[in-house]
Amino acid sequence: MELVLNKVFSKEKVKSYLLDLVALNLILFTPAISHLFSFPIYLIEPMRIMLILSVAHTEKRNAYLLAFILPFFSYLISSHPTPFKAGLISIELISNVWMFYYLSGKVKNSFFSMLASVIASKVFYYFLKAILIGTALLSGELIATPIYLQLIMSLVLSGYIYLIYYIRGKNV
């Protein structure tokens, strides 16, 4: 029994559980926070922020789990984004995680790996979104969040990963 409890409540697992709880609550309360501050919080990509925090502070499996779950959780609680867009965002976030771990194993530079993985996943996202818009499965603008905001967030999040990896002595 003690062995089972140690596996379920190990330090790493507890960190993952807490981060997942924070992530789900952030997504749950994003509309309320947006109204409170009169600022559309979605512009700073809360799902990606939680994903990067997961990459920095939990196991790889947890990052993939959040990448998959957060868009669908958002749809379930707020009917936004639409199911097709939730799937698209999930694909983008999963590709972001995969590309980061792939690049960080090859390049040994966490800042570059994160920045390149965010940019590559966004390019992939916009490519798939253009196809969905072209086939009328999705409506709206191709690029809804200003590119300069996306670039700023990409740089900030990549800098955060670099800082955390530097502190831990991992590949910088």
# chains A, B, ... in the order shown; residues from 1 in each chain; ligands from 1
>>> residues_around(residues="Leu70 in chain A", least_positions_apart="2", cutoff="9 Å", atoms="only C-alpha atoms", output="ChimeraX atom specification")
/A:23-24,27,47,65-68,72-75,86,90
>>> residues_around(residues="Glu141 in chain A", least_positions_apart="2", cutoff="12 Å", atoms="only C-alpha atoms", output="list in words")
Tyr126, Lys129, Ala130, Leu132, Ile133, Gly134, Leu138, Ser139, Ile143, Ala144, Thr145 and Pro146 of chain A
>>> write_last_selection(atoms="N, CA and C atoms", output="CSV table (one decimal), in the first residue's frame")
chain,number,residue,atom,x,y,z
A,126,TYR,N,-1.5,27.6,-38.6
A,126,TYR,CA,-2.1,28.4,-39.6
A,126,TYR,C,-2.2,27.7,-40.9
A,129,LYS,N,-5.3,25.6,-40.3
A,129,LYS,CA,-6.5,26.5,-40.2
A,129,LYS,C,-6.9,27.1,-41.5
A,130,ALA,N,-6.0,27.4,-42.4
A,130,ALA,CA,-6.3,27.9,-43.7
A,130,ALA,C,-7.0,26.8,-44.5
A,132,LEU,N,-8.9,24.4,-43.2
A,132,LEU,CA,-10.3,24.3,-42.6
A,132,LEU,C,-11.2,25.5,-43.0
A,133,ILE,N,-10.6,26.7,-43.1
A,133,ILE,CA,-11.3,27.9,-43.5
A,133,ILE,C,-11.7,27.7,-45.0
A,134,GLY,N,-10.8,27.2,-45.8
A,134,GLY,CA,-11.0,27.0,-47.2
A,134,GLY,C,-12.1,26.0,-47.5
A,138,LEU,N,-14.4,25.8,-40.8
A,138,LEU,CA,-14.1,26.8,-39.8
A,138,LEU,C,-14.3,28.1,-40.4
A,139,SER,N,-14.8,29.1,-39.6
A,139,SER,CA,-15.0,30.4,-40.2
A,139,SER,C,-14.1,31.4,-39.3
A,143,ILE,N,-5.7,34.9,-39.1
A,143,ILE,CA,-4.8,35.4,-38.0
A,143,ILE,C,-5.6,36.3,-37.2
A,144,ALA,N,-6.1,35.9,-36.0
A,144,ALA,CA,-6.9,36.7,-35.1
A,144,ALA,C,-6.1,37.4,-34.1
A,145,THR,N,-5.0,36.8,-33.6
A,145,THR,CA,-4.2,37.5,-32.6
A,145,THR,C,-3.0,38.2,-33.4
A,146,PRO,N,-2.8,39.4,-33.1
A,146,PRO,CA,-1.7,40.1,-33.8
A,146,PRO,C,-0.4,39.4,-33.8
>>> select_by_dssp(residues="chain A", states="alpha helix (DSSP H)", output="PyMOL selection string")
chain A and resi 2-8+11-37+46-57+60-78+83-107+110-134+147-168
>>> closest_residue(among="A:Asn109, A:Thr30, A:Ser16, A:Ser117", to="Ala63 in chain A", atoms="only C-alpha atoms")
A:Ser16
>>> closest_residue(among="A:Tyr42, A:Phe84, A:Tyr64, A:Phe112", to="Val97 in chain A", atoms="only C-alpha atoms")
A:Tyr64
>>> closest_residue(among="A:Glu45, A:Lys108, A:Pro40, A:Asn62", to="Leu21 in chain A", atoms="only C-alpha atoms")
A:Asn62
>>> closest_residue(among="A:His80, A:Arg48, A:Lys106, A:Lys11", to="Lys122 in chain A", atoms="only C-alpha atoms")
A:Arg48
>>> residues_around(residues="His57 in chain A", least_positions_apart="5", cutoff="12 Å", atoms="only C-alpha atoms", output="ChimeraX atom specification")
/A:11-20,50-52,62-63,160-161,164-165,168
